[in-house]
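Visitor: Pasting input.txt below, which is compact mmCIF, C-alpha atoms.
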```txt
# COMPACT_ATOMS: atom_id res chain seq x y z
CA MET K 1244 -7.81 -0.70 4.06
CA LEU K 1245 -5.08 -2.17 1.83
CA PRO K 1246 -3.30 -0.24 -0.93
CA SER K 1247 -4.56 -0.62 -4.48
CA ASN K 1248 -1.20 -1.67 -5.95
CA ILE K 1249 -1.56 -5.33 -4.87
CA LYS K 1250 -0.57 -7.69 -7.68
CA ARG K 1251 -0.97 -11.05 -5.92
CA VAL K 1252 -2.02 -12.30 -2.49
CA LEU K 1253 0.01 -15.07 -0.85
CA LEU K 1254 -1.27 -17.09 2.07
CA VAL K 1255 1.60 -18.35 4.24
CA GLN K 1256 0.99 -21.90 5.43
CA HIS K 1257 3.72 -22.35 8.03
CA CYS K 1258 3.83 -21.16 11.63
CA THR K 1259 5.09 -17.63 12.07
CA ASP K 1260 6.06 -16.03 15.35
CA PHE K 1261 3.76 -13.05 15.80
CA ARG K 1262 6.22 -11.30 18.09
CA LYS K 1263 8.06 -10.42 14.90
CA ARG K 1264 7.33 -6.97 13.60
CA PHE K 1265 7.88 -5.49 10.15
CA ASP K 1266 11.43 -6.75 9.63
CA GLY K 1267 10.71 -10.28 10.83
CA LEU K 1268 7.60 -10.65 8.70
CA LEU K 1269 9.45 -9.15 5.74
CA ALA K 1270 12.15 -11.82 6.17
CA GLU K 1271 9.45 -14.52 6.26
CA SER K 1272 7.98 -13.04 3.07
CA TYR K 1273 11.32 -13.24 1.30
CA ARG K 1274 11.69 -16.81 2.57
CA VAL K 1275 8.61 -17.93 0.62
CA GLY K 1276 9.58 -15.99 -2.51
CA ALA K 1277 7.34 -12.95 -2.08
CA ASP K 1278 8.36 -9.31 -2.37
CA PRO K 1279 5.96 -6.93 -0.59
CA TYR K 1280 7.70 -3.91 -2.10
CA ALA K 1281 6.83 -5.21 -5.59
CA GLY K 1282 3.10 -5.44 -4.86
CA ASP K 1283 2.75 -8.82 -3.12
CA CYS K 1284 0.39 -9.01 -0.16
CA VAL K 1285 1.52 -11.71 2.27
CA VAL K 1286 -0.99 -13.02 4.84
CA PHE K 1287 0.16 -14.71 8.07
CA PHE K 1288 -1.94 -16.60 10.64
CA LYS K 1289 -1.35 -16.92 14.35
CA ARG K 1290 -0.91 -20.48 15.61
CA ASP K 1291 -4.25 -20.48 17.48
CA TRP K 1292 -6.14 -18.99 14.47
CA THR K 1293 -7.33 -15.95 16.43
CA GLN K 1294 -5.38 -13.34 14.45
CA LEU K 1295 -4.12 -12.69 10.94
CA ARG K 1296 -1.67 -10.14 9.62
CA ALA K 1297 -1.22 -8.90 6.08
CA LEU K 1298 2.04 -7.31 4.99
CA VAL K 1299 2.14 -5.20 1.83
CA GLY K 1300 4.48 -2.46 0.72
CA ASP K 1301 4.93 0.30 -1.80
CA ALA K 1302 7.77 2.61 -2.80
CA LEU K 1303 7.54 4.52 0.48
CA GLY K 1304 7.37 1.71 3.03
CA LEU K 1305 5.45 -1.23 4.49
CA PHE K 1306 1.88 -1.57 5.71
CA MET K 1307 0.91 -4.21 8.24
CA VAL K 1308 -2.81 -4.80 8.69
CA CYS K 1309 -3.87 -6.87 11.71
CA ARG K 1310 -7.22 -8.50 12.35
CA ARG K 1311 -8.02 -10.13 15.69
CA PHE K 1312 -11.04 -12.38 16.01
CA ASP K 1313 -12.42 -11.84 19.52
CA GLY K 1314 -15.45 -14.09 19.11
CA GLY K 1315 -13.41 -17.23 18.50
CA ALA K 1316 -10.89 -18.79 16.20
CA LEU K 1317 -10.99 -18.74 12.43
CA ARG K 1318 -11.73 -22.11 10.89
CA ALA K 1319 -9.06 -22.63 8.26
CA SER K 1320 -8.98 -25.49 5.78
CA PHE K 1321 -5.27 -26.22 6.03
CA LYS K 1322 -2.87 -27.33 8.73
CA PHE K 1323 0.41 -25.60 9.38
CA MET K 1324 3.34 -27.08 7.49
CA ARG K 1325 6.81 -27.58 8.89
CA GLU K 1326 8.65 -26.11 5.92
CA PRO K 1327 8.02 -22.60 4.54
CA ALA K 1328 5.16 -22.78 2.05
CA CYS K 1329 2.50 -20.49 0.63
CA SER K 1330 -0.40 -20.55 -1.78
CA THR K 1331 -1.93 -17.85 -3.95
CA ILE K 1332 -5.46 -16.64 -3.25
CA SER K 1333 -7.60 -13.96 -4.86
CA ALA K 1334 -8.44 -10.55 -3.45
CA ALA K 1335 -12.03 -11.71 -2.90
CA GLU K 1336 -10.81 -14.63 -0.80
CA LEU K 1337 -8.65 -12.20 1.18
CA ALA K 1338 -11.74 -10.09 1.86
CA LEU K 1339 -13.54 -13.21 3.13
CA LEU K 1340 -10.64 -13.96 5.47
CA PHE K 1341 -10.73 -10.43 6.90
CA GLU K 1342 -14.46 -10.88 7.54
CA GLY K 1343 -13.80 -14.10 9.43
CA ALA K 1344 -15.37 -16.38 6.83
CA THR K 1345 -13.72 -19.47 5.45
CA PHE K 1346 -13.56 -20.50 1.84
CA THR K 1347 -12.99 -23.76 0.01
CA VAL K 1348 -12.25 -23.53 -3.67
CA HIS K 1349 -11.81 -26.87 -5.37
CA LYS K 1350 -11.69 -25.63 -8.95
CA ARG K 1351 -11.52 -22.04 -10.11
CA VAL K 1352 -13.53 -20.75 -13.02
CA LYS K 1353 -11.51 -19.17 -15.82
CA ALA K 1354 -11.66 -15.40 -15.98
CA TRP K 1355 -13.93 -13.93 -18.62
CA LYS K 1356 -12.15 -12.11 -21.44
CA ASN K 1357 -13.72 -9.52 -23.69
CA PHE K 1358 -12.56 -10.08 -27.28
```
Take the structure in the file and write it out as structure tokens.
Guide:
Amino acid sequence: MLPSNIKRVLLVQHCTDFRKRFDGLLAESYRVGADPYAGDCVVFFKRDWTQLRALVGDALGLFMVCRRFDGGALRASFKFMREPACSTISAAELALLFEGATFTVHKRVKAWKNF
């Protein structure tokens, strides 16, 4: 579904107008300090929590993946902020969001390293 060159996943926490297309969402990505062409995946939520969009790019162009939740709204654990803000999530948490599940991570476990 998403390209394999994703380096980090950013969850945008401010309201974004979903009438914006590629260029508008790209501008919002740059506003929070993300660069989809460099491998950042930026995830946006609709105000009523019924849709999310992920924007990611590569050397050839941009991908926009949309997911609409017909059965109801997604239950998110944060409220929309007034100022542009984002937080970093893992690829596994992104997969949970695309499935419609919610996640609450209070403390992350350190990654295992093979010495």
Visitor: When you draw a straight line from atom CA of Ser1330 of chain K to atom CA of Val1286 of chain K, how long is it in Å?
Guide: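 That distance, rounded to one decimal, is 10.0 Å.
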Visitor: Could you check which residues have any atom within 12 Å of (7.8, -9.5, -1.4), counting only C-alpha atoms with coordinates taken straight from the file, and then list them as number ranges by chain?
Guide: K: 1249-1253, 1266, 1268-1286, 1297-1301, 1305
Visitor: Kindly give the distance, in Å, that separates atom CA of Cys1309 of chain K and atom CA of Phe1288 of chain K, rounded to a single decimal.
Guide: 10.0 Å
Visitor: With only C-alpha atoms as the atoms that count, which of K:Lys1356, K:Thr1331, K:Asn1248, K:Asp1260 lies nearest to Ala1302 of chain K?
Guide: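 Of the candidates, the smallest distance to Ala1302 of chain K is held by K:Asn1248.
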Visitor: Would you please work out which residue, of K:Cys1258, K:Leu1295, K:Ala1328, K:Ala1335, is nearest to Ala1316 of chain K when using only C-alpha atoms?
Guide: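 Result for the nearest residue to Ala1316 of chain K: K:Leu1295.
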Visitor: As an exercise, work out the distance from atom CA of Arg1325 of chain K to atom CA of Val1255 of chain K in Å and give it to one decimal place.
Guide: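 According to the coordinates, atom CA of Arg1325 of chain K and atom CA of Val1255 of chain K are separated by 11.6 Å.
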Visitor: Under the rule that only C-alpha atoms are counted, which of K:Lys1263, K:His1257, K:Gln1294, K:Lys1289 is the nearest residue to Glu1326 of chain K?
Guide: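 Nearest candidate to Glu1326 of chain K out of K:Lys1263, K:His1257, K:Gln1294, K:Lys1289: K:His1257.
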Visitor: Which residue is closest to Arg1311 of chain K? Choose from K:Phe1341, K:Thr1259, K:Ser1247, K:Ile1332 and count only C-alpha atoms.
Guide: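 Under the stated criterion, the closest residue is K:Phe1341.
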Visitor: When distances are computed from only C-alpha atoms, which of K:Ala1334, K:Leu1317, K:Cys1329, K:Leu1340 shows the smallest separation from Leu1254 of chain K?
Guide: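 Result for the nearest residue to Leu1254 of chain K: K:Cys1329.
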Visitor: For Asp1291 of chain K, which residue among K:Met1307, K:Glu1336, K:Phe1265, K:Gly1315 is the nearest when counting all atoms listed in the file?
Guide: K:Gly1315
